[in-house]
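What follows is my_file-v9.cif (mmCIF, C-alpha atoms and all ligand atoms).
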```
data_start
#
loop_
_atom_site.label_atom_id
_atom_site.label_comp_id
_atom_site.auth_asym_id
_atom_site.auth_seq_id
_atom_site.Cartn_x
_atom_site.Cartn_y
_atom_site.Cartn_z
CA MET A 1 53.18 5.16 136.19
CA ASP A 2 55.56 7.34 134.12
CA SER A 3 52.82 9.53 132.66
CA VAL A 4 50.74 10.33 135.76
CA ILE A 5 50.34 14.11 136.12
CA GLU A 6 51.99 15.43 139.28
CA ASP A 7 51.76 19.17 138.75
CA VAL A 8 50.22 21.85 136.51
CA GLN A 9 51.50 25.42 136.56
CA VAL A 10 50.20 28.42 134.65
CA ARG A 11 52.08 31.68 134.18
CA LYS A 12 51.60 34.98 132.38
CA ILE A 13 54.07 35.57 129.53
CA LEU A 14 54.46 38.08 126.69
CA ASP A 15 53.29 37.51 123.16
CA SER A 16 54.86 39.10 120.07
CA ARG A 17 52.48 42.09 120.17
CA GLY A 18 53.44 42.80 123.77
CA ASN A 19 50.17 41.44 125.13
CA PRO A 20 49.88 38.93 127.96
CA THR A 21 49.14 35.29 127.24
CA VAL A 22 49.36 31.98 129.11
CA GLU A 23 52.12 29.42 129.30
CA VAL A 24 51.50 26.08 131.00
CA ASP A 25 53.92 23.56 132.50
CA VAL A 26 52.75 19.99 133.05
CA THR A 27 54.95 17.65 135.06
CA THR A 28 54.46 13.90 135.11
CA TRP A 29 56.33 11.29 137.11
CA ASN A 30 58.80 10.87 134.22
CA GLY A 31 58.17 13.80 131.90
CA PHE A 32 57.62 17.50 131.41
CA GLY A 33 55.68 19.51 128.82
CA ARG A 34 55.46 23.26 128.27
CA ALA A 35 53.15 25.07 125.86
CA ALA A 36 51.95 28.63 125.30
CA ALA A 37 48.86 29.93 123.53
CA PRO A 38 48.91 32.55 120.74
CA SER A 39 46.31 35.25 119.92
CA GLY A 40 44.68 36.42 116.70
CA ALA A 41 43.88 39.94 115.48
CA SER A 42 41.56 39.04 112.59
CA THR A 43 39.70 36.43 114.61
CA GLY A 44 36.67 34.49 113.37
CA SER A 45 33.48 35.28 115.27
CA ARG A 46 32.83 31.57 115.92
CA GLU A 47 36.18 30.90 117.58
CA VAL A 48 36.13 29.96 121.25
CA VAL A 49 36.75 32.90 123.63
CA SER A 50 40.51 33.21 124.29
CA PHE A 51 40.51 34.66 127.80
CA PRO A 52 37.95 34.90 130.61
CA GLU A 53 36.82 38.24 131.97
CA GLY A 54 39.76 39.65 133.92
CA GLY A 55 42.26 38.17 131.46
CA VAL A 56 45.42 36.24 132.15
CA ASP A 57 45.73 37.49 135.74
CA VAL A 58 42.47 35.75 136.66
CA ILE A 59 43.69 32.53 135.02
CA VAL A 60 46.86 32.61 137.10
CA SER A 61 45.20 33.60 140.36
CA GLU A 62 41.99 31.55 140.19
CA VAL A 63 41.87 29.03 137.34
CA GLU A 64 45.28 27.43 137.81
CA ASP A 65 44.38 25.77 141.13
CA VAL A 66 41.06 24.47 139.83
CA ILE A 67 42.69 22.87 136.79
CA ALA A 68 45.61 21.49 138.76
CA SER A 69 43.34 19.83 141.32
CA GLU A 70 41.31 18.16 138.53
CA LEU A 71 44.32 16.99 136.48
CA ILE A 72 46.80 15.85 139.14
CA GLY A 73 46.63 12.06 139.27
CA MET A 74 45.27 11.69 135.72
CA ASP A 75 47.23 9.91 133.00
CA ALA A 76 48.70 12.43 130.53
CA ASN A 77 48.17 9.86 127.73
CA ASP A 78 44.42 10.23 128.19
CA ILE A 79 44.32 13.58 126.40
CA THR A 80 40.73 13.20 125.17
CA THR A 81 39.39 12.73 128.71
CA ILE A 82 41.56 15.57 129.98
CA ASP A 83 40.16 17.87 127.28
CA GLU A 84 36.63 16.82 128.27
CA VAL A 85 37.42 17.57 131.93
CA LEU A 86 38.65 21.05 130.93
CA ARG A 87 35.37 21.66 129.06
CA GLU A 88 33.42 20.50 132.14
CA VAL A 89 35.44 22.78 134.41
CA ASP A 90 34.67 25.66 132.04
CA GLY A 91 30.98 24.78 131.78
CA THR A 92 30.18 27.15 128.87
CA GLY A 93 29.82 26.28 125.18
CA ASN A 94 32.53 28.70 124.06
CA LEU A 95 35.12 28.30 126.83
CA SER A 96 34.48 31.86 128.03
CA ALA A 97 34.70 30.93 131.74
CA ILE A 98 38.33 29.79 131.80
CA GLY A 99 39.40 30.77 128.27
CA GLY A 100 40.21 28.74 125.16
CA ASN A 101 43.81 29.88 125.42
CA THR A 102 44.00 28.30 128.87
CA THR A 103 42.51 25.00 127.74
CA VAL A 104 44.60 24.78 124.58
CA ALA A 105 47.85 25.53 126.41
CA VAL A 106 47.02 22.89 129.03
CA SER A 107 46.01 20.39 126.35
CA MET A 108 49.23 20.89 124.35
CA ALA A 109 51.43 20.84 127.47
CA VAL A 110 49.75 17.58 128.53
CA ALA A 111 50.52 16.03 125.14
CA LYS A 112 54.14 17.16 125.35
CA ALA A 113 54.44 15.76 128.87
CA ALA A 114 52.92 12.47 127.70
CA ALA A 115 55.43 12.28 124.83
CA ALA A 116 58.31 13.14 127.15
CA SER A 117 57.12 10.46 129.60
CA SER A 118 57.70 7.93 126.81
CA ASN A 119 60.96 9.61 125.82
CA ILE A 120 59.77 10.45 122.30
CA PRO A 121 59.27 13.79 120.55
CA LEU A 122 55.74 15.14 120.22
CA TYR A 123 55.55 14.66 116.43
CA ARG A 124 56.31 10.95 116.83
CA TYR A 125 53.94 10.60 119.78
CA LEU A 126 51.14 12.05 117.63
CA GLY A 127 52.01 10.52 114.26
CA GLY A 128 53.63 7.20 115.13
CA ASN A 129 56.70 5.53 113.76
CA TRP A 130 55.86 6.05 110.07
CA VAL A 131 55.96 9.82 110.23
CA ASN A 132 58.37 11.15 107.60
CA GLU A 133 56.82 14.20 105.91
CA LEU A 134 57.79 17.83 106.40
CA PRO A 135 55.24 20.56 105.60
CA TYR A 136 55.90 23.18 102.92
CA PRO A 137 56.26 26.48 104.76
CA LEU A 138 53.78 29.11 103.66
CA GLY A 139 55.89 32.23 104.27
CA ASN A 140 54.50 35.66 104.98
CA MET A 141 56.15 38.34 102.81
CA MET A 142 53.98 41.48 103.02
CA ASN A 143 51.32 42.41 105.56
CA GLY A 144 48.19 44.48 105.13
CA GLY A 145 44.73 44.73 106.65
CA ALA A 146 44.39 44.02 110.37
CA HIS A 147 48.06 42.98 110.63
CA ALA A 148 49.44 46.33 109.46
CA GLY A 149 48.96 50.08 109.87
CA ILE A 150 47.14 52.64 107.76
CA ASN A 151 47.99 52.97 104.05
CA ALA A 152 49.04 49.32 103.79
CA PRO A 153 47.34 47.07 101.20
CA ASP A 154 43.84 45.79 102.08
CA ILE A 155 44.81 42.17 101.48
CA GLN A 156 46.06 40.85 104.83
CA GLU A 157 48.83 38.47 103.77
CA PHE A 158 50.99 38.15 100.66
CA LEU A 159 52.54 34.70 101.04
CA VAL A 160 54.79 32.36 99.10
CA VAL A 161 55.10 28.56 98.86
CA PRO A 162 58.49 27.10 97.79
CA ILE A 163 56.77 24.17 96.13
CA GLY A 164 59.90 23.06 94.25
CA ALA A 165 62.00 22.68 97.41
CA LYS A 166 63.41 19.22 97.99
CA ASN A 167 63.77 19.55 101.74
CA ILE A 168 62.75 21.82 104.60
CA VAL A 169 66.08 23.64 104.81
CA GLU A 170 65.90 24.58 101.14
CA ALA A 171 62.25 25.60 101.56
CA ILE A 172 62.80 27.80 104.61
CA PHE A 173 65.80 29.58 103.13
CA ALA A 174 63.99 30.08 99.80
CA ASN A 175 61.23 31.93 101.69
CA ALA A 176 63.80 34.05 103.52
CA SER A 177 65.40 34.94 100.16
CA VAL A 178 62.05 36.06 98.72
CA HIS A 179 61.50 38.18 101.84
CA LYS A 180 64.89 39.87 101.29
CA LYS A 181 64.27 40.36 97.56
CA LEU A 182 60.94 42.02 98.24
CA LYS A 183 62.49 44.75 100.33
CA GLY A 184 64.26 46.11 97.25
CA LEU A 185 61.20 45.65 95.04
CA ILE A 186 59.02 47.57 97.51
CA GLN A 187 61.55 50.42 97.55
CA SER A 188 61.23 50.67 93.79
CA LYS A 189 57.45 51.32 94.17
CA ASP A 190 57.47 53.28 97.45
CA SER A 191 60.45 55.62 97.84
CA ASN A 192 59.43 56.45 101.44
CA PHE A 193 59.54 52.80 102.54
CA THR A 194 61.52 52.54 105.78
CA GLY A 195 61.56 48.75 106.16
CA GLY A 196 58.59 48.58 108.54
CA LYS A 197 57.09 45.18 109.26
CA GLY A 198 53.67 43.94 110.34
CA ASP A 199 52.51 41.53 113.02
CA GLU A 200 53.78 38.44 111.22
CA GLY A 201 57.13 39.82 110.06
CA GLY A 202 56.05 40.67 106.51
CA TRP A 203 56.93 44.08 105.12
CA VAL A 204 54.29 46.80 105.33
CA PRO A 205 54.47 48.88 102.15
CA ASN A 206 52.37 51.91 101.30
CA ILE A 207 51.35 50.54 97.89
CA THR A 208 48.19 49.41 96.15
CA ASN A 209 46.97 45.81 96.23
CA ASP A 210 47.77 45.53 92.51
CA ASN A 211 51.34 46.75 92.97
CA ALA A 212 51.81 44.35 95.88
CA LEU A 213 50.54 41.43 93.76
CA GLU A 214 52.85 42.41 90.95
CA ILE A 215 56.04 42.56 93.03
CA GLN A 216 55.07 39.43 94.95
CA ALA A 217 54.97 37.52 91.63
CA LYS A 218 58.20 39.14 90.48
CA ALA A 219 60.02 38.18 93.69
CA CYS A 220 58.83 34.56 93.35
CA GLU A 221 60.05 34.40 89.78
CA GLU A 222 63.43 36.06 90.33
CA VAL A 223 64.34 34.10 93.47
CA GLY A 224 62.95 30.92 91.91
CA ASP A 225 65.27 31.41 88.92
CA GLU A 226 68.27 32.22 91.14
CA LEU A 227 67.73 29.12 93.31
CA GLY A 228 66.49 26.86 90.52
CA LEU A 229 63.22 25.90 92.20
CA GLU A 230 59.58 26.76 91.77
CA ILE A 231 58.16 29.31 94.20
CA ARG A 232 54.47 30.17 93.92
CA PRO A 233 52.54 33.14 95.32
CA ALA A 234 49.64 32.76 97.75
CA LEU A 235 47.27 35.05 99.67
CA ASP A 236 45.26 35.34 102.84
CA MET A 237 42.58 37.87 101.94
CA ALA A 238 40.97 37.76 105.42
CA ALA A 239 37.87 39.04 103.64
CA SER A 240 35.69 39.10 106.77
CA GLU A 241 37.70 42.20 107.67
CA LEU A 242 36.78 43.82 104.33
CA TRP A 243 33.10 42.85 104.34
CA ASN A 244 30.62 45.60 105.14
CA SER A 245 27.32 43.89 105.98
CA LYS A 246 25.31 47.11 105.73
CA LYS A 247 26.49 47.80 102.18
CA GLN A 248 26.77 44.06 101.37
CA LYS A 249 30.13 44.82 99.78
CA TYR A 250 33.85 44.23 100.24
CA LEU A 251 35.53 47.58 100.83
CA TYR A 252 39.06 48.02 99.49
CA ALA A 253 40.07 51.28 101.18
CA GLN A 254 43.60 51.46 99.74
CA ASP A 255 42.24 51.18 96.19
CA GLY A 256 39.01 53.11 96.84
CA VAL A 257 37.01 50.21 95.35
CA GLU A 258 33.89 48.35 96.58
CA ARG A 259 32.92 44.90 95.31
CA ASP A 260 29.71 42.91 95.78
CA THR A 261 29.95 39.12 96.13
CA GLY A 262 29.72 38.47 92.38
CA GLU A 263 32.44 41.03 91.69
CA GLN A 264 34.56 39.58 94.47
CA ILE A 265 34.31 36.11 92.89
CA GLU A 266 35.49 37.49 89.55
CA PHE A 267 38.22 39.61 91.20
CA VAL A 268 39.70 36.65 93.11
CA LYS A 269 39.37 34.30 90.12
CA ASP A 270 41.22 36.84 87.98
CA ILE A 271 44.03 37.18 90.58
CA ILE A 272 44.39 33.38 90.77
CA GLU A 273 44.64 33.08 86.99
CA THR A 274 46.87 36.11 86.40
CA TYR A 275 49.41 35.29 89.08
CA ASN A 276 49.12 31.50 89.11
CA MET A 277 48.27 31.54 92.83
CA PHE A 278 48.94 28.29 94.65
CA TYR A 279 46.65 29.07 97.57
CA VAL A 280 44.04 31.67 98.56
CA GLU A 281 42.70 31.82 102.12
CA ASP A 282 39.44 33.46 103.21
CA PRO A 283 38.49 35.12 99.92
CA PHE A 284 34.97 35.75 101.31
CA ASP A 285 33.29 36.71 104.55
CA GLU A 286 33.17 33.99 107.22
CA SER A 287 29.42 33.43 106.75
CA ASP A 288 29.53 33.13 102.94
CA PHE A 289 29.83 29.37 102.35
CA GLU A 290 28.03 29.91 99.03
CA GLY A 291 30.63 32.39 97.72
CA PHE A 292 33.40 29.95 98.72
CA ALA A 293 31.59 27.12 96.93
CA GLN A 294 31.22 29.13 93.72
CA LEU A 295 34.90 30.09 93.64
CA THR A 296 36.01 26.53 94.50
CA SER A 297 33.91 25.14 91.64
CA LYS A 298 35.59 27.59 89.23
CA VAL A 299 39.26 27.33 90.29
CA GLY A 300 39.50 24.53 92.87
CA ASN A 301 41.24 22.29 90.32
CA ARG A 302 44.20 24.68 90.08
CA CYS A 303 44.36 26.49 93.40
CA LEU A 304 43.82 25.66 97.06
CA ILE A 305 40.85 27.61 98.40
CA CYS A 306 41.27 27.62 102.15
CA GLY A 307 38.84 28.41 104.97
CA ASP A 308 40.17 30.02 108.14
CA ASP A 309 37.51 32.30 109.68
CA LEU A 310 35.04 30.16 107.70
CA PHE A 311 35.80 26.96 109.65
CA VAL A 312 37.66 28.14 112.80
CA THR A 313 39.08 24.58 113.16
CA ASN A 314 35.54 23.46 114.05
CA LYS A 315 34.46 20.00 112.89
CA GLU A 316 30.79 20.94 112.51
CA LEU A 317 31.59 23.95 110.33
CA LEU A 318 34.00 21.85 108.28
CA LEU A 319 31.23 19.27 107.80
CA LYS A 320 28.99 22.01 106.40
CA GLY A 321 31.86 23.08 104.11
CA ILE A 322 32.34 19.50 102.90
CA GLU A 323 28.63 19.13 102.15
CA MET A 324 28.67 22.38 100.14
CA ASN A 325 32.08 21.80 98.47
CA ALA A 326 33.02 25.19 99.89
CA ALA A 327 36.80 24.73 100.03
CA ASN A 328 39.63 22.28 99.40
CA ALA A 329 41.83 23.37 102.33
CA ILE A 330 41.35 24.32 105.98
CA ILE A 331 43.48 26.35 108.37
CA ILE A 332 44.19 24.49 111.61
CA LYS A 333 44.69 26.78 114.62
CA PRO A 334 44.34 24.85 117.90
CA ASN A 335 43.35 27.91 119.92
CA GLN A 336 40.35 28.54 117.65
CA ILE A 337 38.74 25.37 119.04
CA GLY A 338 40.47 25.15 122.43
CA SER A 339 41.97 21.65 122.63
CA LEU A 340 44.33 19.27 120.92
CA SER A 341 41.82 16.41 120.70
CA GLU A 342 39.23 18.58 118.96
CA THR A 343 41.97 19.93 116.66
CA TYR A 344 42.90 16.37 115.75
CA ALA A 345 39.26 15.43 115.10
CA THR A 346 39.00 18.30 112.60
CA VAL A 347 42.28 17.32 110.87
CA LYS A 348 41.07 13.72 110.60
CA LEU A 349 37.75 14.75 109.07
CA ALA A 350 39.55 17.03 106.60
CA LYS A 351 41.86 14.23 105.48
CA GLN A 352 38.98 11.79 105.07
CA HIS A 353 37.50 14.23 102.55
CA ASN A 354 40.68 15.30 100.74
CA ILE A 355 40.60 18.74 102.33
CA VAL A 356 44.20 19.89 102.85
CA PRO A 357 44.87 20.75 106.52
CA VAL A 358 47.24 23.71 106.94
CA VAL A 359 48.56 23.97 110.49
CA SER A 360 48.95 27.65 111.34
CA HIS A 361 50.37 30.22 113.75
CA ARG A 362 48.41 33.29 114.90
CA SER A 363 49.40 36.90 114.29
CA GLY A 364 50.23 37.29 118.00
CA GLU A 365 52.68 34.48 118.74
CA THR A 366 55.16 33.28 121.33
CA THR A 367 58.39 31.33 120.88
CA ASP A 368 56.43 28.12 121.49
CA GLU A 369 57.31 25.58 118.78
CA THR A 370 54.44 23.11 119.27
CA ILE A 371 52.78 23.70 115.88
CA ALA A 372 55.91 22.45 114.08
CA HIS A 373 55.32 19.08 115.80
CA LEU A 374 51.59 19.16 115.06
CA ALA A 375 52.23 19.75 111.34
CA VAL A 376 54.64 16.79 111.15
CA GLY A 377 52.64 14.54 113.50
CA PHE A 378 49.38 15.18 111.62
CA ALA A 379 51.16 14.93 108.21
CA SER A 380 49.87 18.35 107.24
CA PRO A 381 51.45 19.15 103.84
CA MET A 382 51.72 22.86 104.63
CA ILE A 383 52.45 24.99 107.67
CA LYS A 384 51.74 28.70 107.89
CA THR A 385 54.17 30.22 110.30
CA GLY A 386 55.76 33.31 108.77
CA ALA A 387 59.22 33.59 107.28
CA ILE A 388 61.30 35.67 109.67
CA GLY A 389 61.06 37.09 113.22
CA GLY A 390 61.94 35.36 116.50
CA GLU A 391 58.51 33.90 117.23
CA ARG A 392 58.19 32.70 113.62
CA ILE A 393 61.66 31.13 113.29
CA ALA A 394 61.08 29.25 116.56
CA LYS A 395 58.77 26.98 114.53
CA LEU A 396 60.84 26.97 111.34
CA ASN A 397 64.08 26.07 113.11
CA GLU A 398 62.26 23.29 114.98
CA LEU A 399 61.23 21.87 111.58
CA ILE A 400 64.91 21.85 110.57
CA ARG A 401 65.73 19.85 113.73
CA ILE A 402 62.86 17.44 113.06
CA GLU A 403 64.01 16.88 109.48
CA GLU A 404 67.45 15.99 110.80
CA GLU A 405 65.94 13.40 113.17
CA LEU A 406 63.76 11.63 110.58
CA PRO A 407 65.37 8.60 108.90
CA ASN A 408 63.83 9.17 105.44
CA PRO A 409 62.44 12.71 105.36
CA LYS A 410 60.47 13.98 102.38
CA MET A 411 58.32 17.00 101.66
CA GLY A 412 54.57 16.84 102.22
CA GLN A 413 52.12 15.17 99.85
CA PHE A 414 48.97 16.93 98.67
C1 LIG A 501 47.10 34.15 111.20
C2 LIG A 501 46.02 34.88 110.92
O1 LIG A 501 45.67 35.97 111.61
P1 LIG A 501 45.08 36.03 113.08
O2 LIG A 501 45.96 35.21 113.96
O3 LIG A 501 45.13 37.50 113.39
O4 LIG A 501 43.69 35.48 113.01
C3 LIG A 501 45.14 34.53 109.80
O5 LIG A 501 44.16 35.22 109.54
O6 LIG A 501 45.38 33.53 109.15
MG MG A 502 43.62 33.71 107.89
#
```
Take the structure in the file and write it out as structure tokens.
Amino acid sequence: MDSVIEDVQVRKILDSRGNPTVEVDVTTWNGFGRAAAPSGASTGSREVVSFPEGGVDVIVSEVEDVIASELIGMDANDITTIDEVLREVDGTGNLSAIGGNTTVAVSMAVAKAAAASSNIPLYRYLGGNWVNELPYPLGNMMNGGAHAGINAPDIQEFLVVPIGAKNIVEAIFANASVHKKLKGLIQSKDSNFTGGKGDEGGWVPNITNDNALEIQAKACEEVGDELGLEIRPALDMAASELWNSKKQKYLYAQDGVERDTGEQIEFVKDIIETYNMFYVEDPFDESDFEGFAQLTSKVGNRCLICGDDLFVTNKELLLKGIEMNAANAIIIKPNQIGSLSETYATVKLAKQHNIVPVVSHRSGETTDETIAHLAVGFASPMIKTGAIGGERIAKLNELIRIEEELPNPKMGQF
């Protein structure tokens, strides 16, 4: 049979932060799939464990053979069973024995090999013949928090969404133009700015959160006017990183301000209204479903309130969020949950409840382009994968190729 697995190979490769991660090759009788796993810096505490004790070297020296002997002879189309086998091999609840990065890279490489065995691209294998939507790229413009150095803003990600773009090429180049525009605007606020960038390719300015918000909005407006399309600002606040559980407050070190949950709700609501934010991710600590629910009830009709550390791509946590009306969007990062089939189950649940799934990169990435295919195959209306930088454009340029292949491409539907 074309899709029977004949070989599984695991190797150690570099990620964009210079750390080791895993890349997996799966060979079937008539196909081949390769996938690599990324790593986070501001990780949610309920994510699966990325690497076993001993790290990538242990995976290559000990785990590879165990996985290969289990998977050789299985049908690559049977991804759900393969993912279950990987969980059995691991034997822990959080994938700490063989690592969630191992299982997710195997799972994605299996899917790619299955698609290749049928001579179709992964997005079509996952989404079927009707697939025709490209995701709006949520582009990272300025970095702060855990993705930047000292003196950067506390807010982790200042993003933009080119919501008026008619196609993916226009959207991707609009984001790149905003990124360029911001360099000059930062220099006007920070005369010592040397053009330094953070983990995801956004600029790292030594300016206050307020100044960053102001120039982010200005860049959207100016580039939007120049290009004749609407570009809206967005944020990832990664507020778990700001939350101090002892003080029960969010600490904004750059601004020298502390906010309790009530003040944080008002602060974020005010930002959304002042700057007409399209999307705000993780405005509260990962355990604060109630804070999320209060904000969503106030502004959910005009802004996407997205859970990343809150949900960690986990179906059970999403179910809790749905019951509490905690959010209207969810970040989808396959390595938070450790397999493609579980990732898909979470996307499906989100869609059933009108929660917008946003397929996303991690701050530590590789040149792997798989998430571009997941976003199209799952019909995710947005993808978060940076704006510039080799490991970020690997995904963006793949979206350009996918758009070219689709007979009637259109931008995503919310
Ligand atoms: C991409 C993110 O960062 P990390 O990969 O560090 O979790 C994020 O928080 O959305
Ligand atoms: Mg996030």
Using all atoms listed in the file, find each residue with an atom at most 6 Å away from ligand LIG 501 (chain A) and format the answer as a list in words.
-> Ser39, Gly40, Ala41, Ser42, Thr43, Ala238, His361, Arg362 and Ser363 of chain A
Could the residues in this selection be saved with C-alpha atoms as an mmCIF file, keeping the file's coordinate frame?
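Output file result_32.cif is given in full below:
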```
data_model
loop_
_atom_site.group_PDB
_atom_site.id
_atom_site.type_symbol
_atom_site.label_atom_id
_atom_site.label_comp_id
_atom_site.auth_asym_id
_atom_site.auth_seq_id
_atom_site.Cartn_x
_atom_site.Cartn_y
_atom_site.Cartn_z
ATOM 1 C CA SER A 39 46.310 35.250 119.920
ATOM 2 C CA GLY A 40 44.680 36.420 116.700
ATOM 3 C CA ALA A 41 43.880 39.940 115.480
ATOM 4 C CA SER A 42 41.560 39.040 112.590
ATOM 5 C CA THR A 43 39.700 36.430 114.610
ATOM 6 C CA ALA A 238 40.970 37.760 105.420
ATOM 7 C CA HIS A 361 50.370 30.220 113.750
ATOM 8 C CA ARG A 362 48.410 33.290 114.900
ATOM 9 C CA SER A 363 49.400 36.900 114.290
#
```
Would you please work out which residue, of A:Ala326, A:Ile155, A:Leu138, A:Ile120, is nearest to A:Leu295 when using all atoms listed in the file?
->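 Looking at the shortest contact to A:Leu295, the residue is A:Ala326.
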Excluding same-chain residues fewer than 6 positions from stretch 196-211 of chain A, what lies within 8 Å of it counting only C-alpha atoms, as a list in words?
-> Ser16, Arg17, Asn140, Met141, Met142, Asn143, Gly144, His147, Ala148, Gly149, Asn151, Ala152, Pro153, Asp154, Ile155, His179, Lys183, Ile186, Lys189, Asp190, Gln254, Asp255, Ser363, Gly364, Gly386, Ala387, Ile388, Gly389 and Arg392 of chain A
Give the answer as one residue: which of A:Glu84, A:Ala35, A:Asn325, A:Gly54 has the shortest atom-to-atom distance to A:Ile371, using only C-alpha atoms?
->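 Using only C-alpha atoms, the shortest distance to A:Ile371 belongs to A:Ala35.
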Nearby residues, (51.7, 21.5, 99.7) file frame, 7 Å, only C-alpha atoms, as a list in words |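 Every residue inside that radius is included here: Pro135, Tyr136, Ile163, Pro381, Met382, Gly412, Gln413 and Phe414 of chain A.
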For atom CA of A:Phe173 and atom CA of A:His373, the interatomic separation in Å (one decimal) |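 These two atoms are separated by 19.5 Å.
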Could you list, as number ranges by chain, all the residues within 10 Å of ligand MG 502 (chain A), counting only C-alpha atoms and all ligand atoms?
-> A: 40-44, 156-157, 235-240, 280-283, 306-310, 312, 330-333, 360-363, 384
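Among the candidate residues A:Met411, A:Val110, A:Val49, A:Leu95, the one lying nearest to A:Thr80 is A:Val110, with distances computed using only C-alpha atoms.
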Between atom CA of A:Asn94 and atom CA of A:Leu318, what is the distance, to one decimal in Å?
-> 17.3 Å
Pick from A:Glu226, A:Glu342, A:Glu62, A:Glu290, whichever lies nearest to A:Lys315 using all atoms listed in the file =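 Of the candidates, the smallest distance to A:Lys315 is held by A:Glu342.
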Quick one: everything within 9 Å of stretch 259-272 of chain A, counting only C-alpha atoms, minus sequence neighbours fewer than 6 positions away in the same chain. Send it as a PyMOL selection string.
-> chain A and resi 213+234+247-252+278-280+283-284+291-292+294-295+298-299+302-303
Residues within 10 Å of A:Glu70, all atoms listed in the file, excluding chain neighbours under 4 positions, as a ChimeraX atom specification | /A:8,65-66,74,82,85-86,89
Can you work out the spacing between atom CA of A:Val160 and atom CA of A:Pro137 in Å, to one decimal?
->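 Going from atom CA of A:Val160 over to atom CA of A:Pro137, I get 8.3 Å.
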Using all atoms listed in the file, which residues sit within 9 Å of A:Ile72 once same-chain residues fewer than 2 positions away are excluded, as a VMD selection string?
-> chain A and resid 4 to 8 28 67 to 70 74 to 75
Point out the residue among A:Leu122, A:Ala116, A:Ile383, A:Ala111 with the least atom-to-atom distance to A:Asp2, counting all atoms listed in the file.
->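 With all atoms listed in the file as the atom set, the closest residue is A:Ala116.
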Nearby residues (only C-alpha atoms) at most 8 Å from A:Lys395, same-chain spacing under 4 positions excluded, as a PyMOL selection string | chain A and resi 367-372+385+391+399
As an mmCIF file, keeping the file's coordinate frame, please: stretch 10-21 of chain A completed to N, CA and C atoms.
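The file below, selection_34.cif, is the result:
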```cif
data_model
loop_
_atom_site.group_PDB
_atom_site.id
_atom_site.type_symbol
_atom_site.label_atom_id
_atom_site.label_comp_id
_atom_site.auth_asym_id
_atom_site.auth_seq_id
_atom_site.Cartn_x
_atom_site.Cartn_y
_atom_site.Cartn_z
ATOM 1 N N VAL A 10 50.558 27.458 135.699
ATOM 2 C CA VAL A 10 50.200 28.420 134.650
ATOM 3 C C VAL A 10 50.881 29.747 134.969
ATOM 4 N N ARG A 11 51.466 30.365 133.944
ATOM 5 C CA ARG A 11 52.080 31.680 134.180
ATOM 6 C C ARG A 11 51.699 32.658 133.061
ATOM 7 N N LYS A 12 51.854 33.931 133.376
ATOM 8 C CA LYS A 12 51.600 34.980 132.380
ATOM 9 C C LYS A 12 52.907 35.280 131.646
ATOM 10 N N ILE A 13 52.875 35.207 130.318
ATOM 11 C CA ILE A 13 54.070 35.570 129.530
ATOM 12 C C ILE A 13 53.666 36.572 128.435
ATOM 13 N N LEU A 14 54.666 37.113 127.775
ATOM 14 C CA LEU A 14 54.460 38.080 126.690
ATOM 15 C C LEU A 14 54.188 37.375 125.363
ATOM 16 N N ASP A 15 53.329 37.963 124.555
ATOM 17 C CA ASP A 15 53.290 37.510 123.160
ATOM 18 C C ASP A 15 53.988 38.553 122.274
ATOM 19 N N SER A 16 54.046 38.268 120.972
ATOM 20 C CA SER A 16 54.860 39.100 120.070
ATOM 21 C C SER A 16 54.306 40.498 119.866
ATOM 22 N N ARG A 17 53.041 40.732 120.258
ATOM 23 C CA ARG A 17 52.480 42.090 120.170
ATOM 24 C C ARG A 17 52.631 42.842 121.481
ATOM 25 N N GLY A 18 53.273 42.166 122.466
ATOM 26 C CA GLY A 18 53.440 42.800 123.770
ATOM 27 C C GLY A 18 52.242 42.623 124.680
ATOM 28 N N ASN A 19 51.339 41.712 124.291
ATOM 29 C CA ASN A 19 50.170 41.440 125.130
ATOM 30 C C ASN A 19 50.421 40.213 126.003
ATOM 31 N N PRO A 20 49.704 40.115 127.129
ATOM 32 C CA PRO A 20 49.880 38.930 127.960
ATOM 33 C C PRO A 20 49.191 37.695 127.367
ATOM 34 N N THR A 21 49.815 36.544 127.559
ATOM 35 C CA THR A 21 49.140 35.290 127.240
ATOM 36 C C THR A 21 49.580 34.236 128.262
#
```
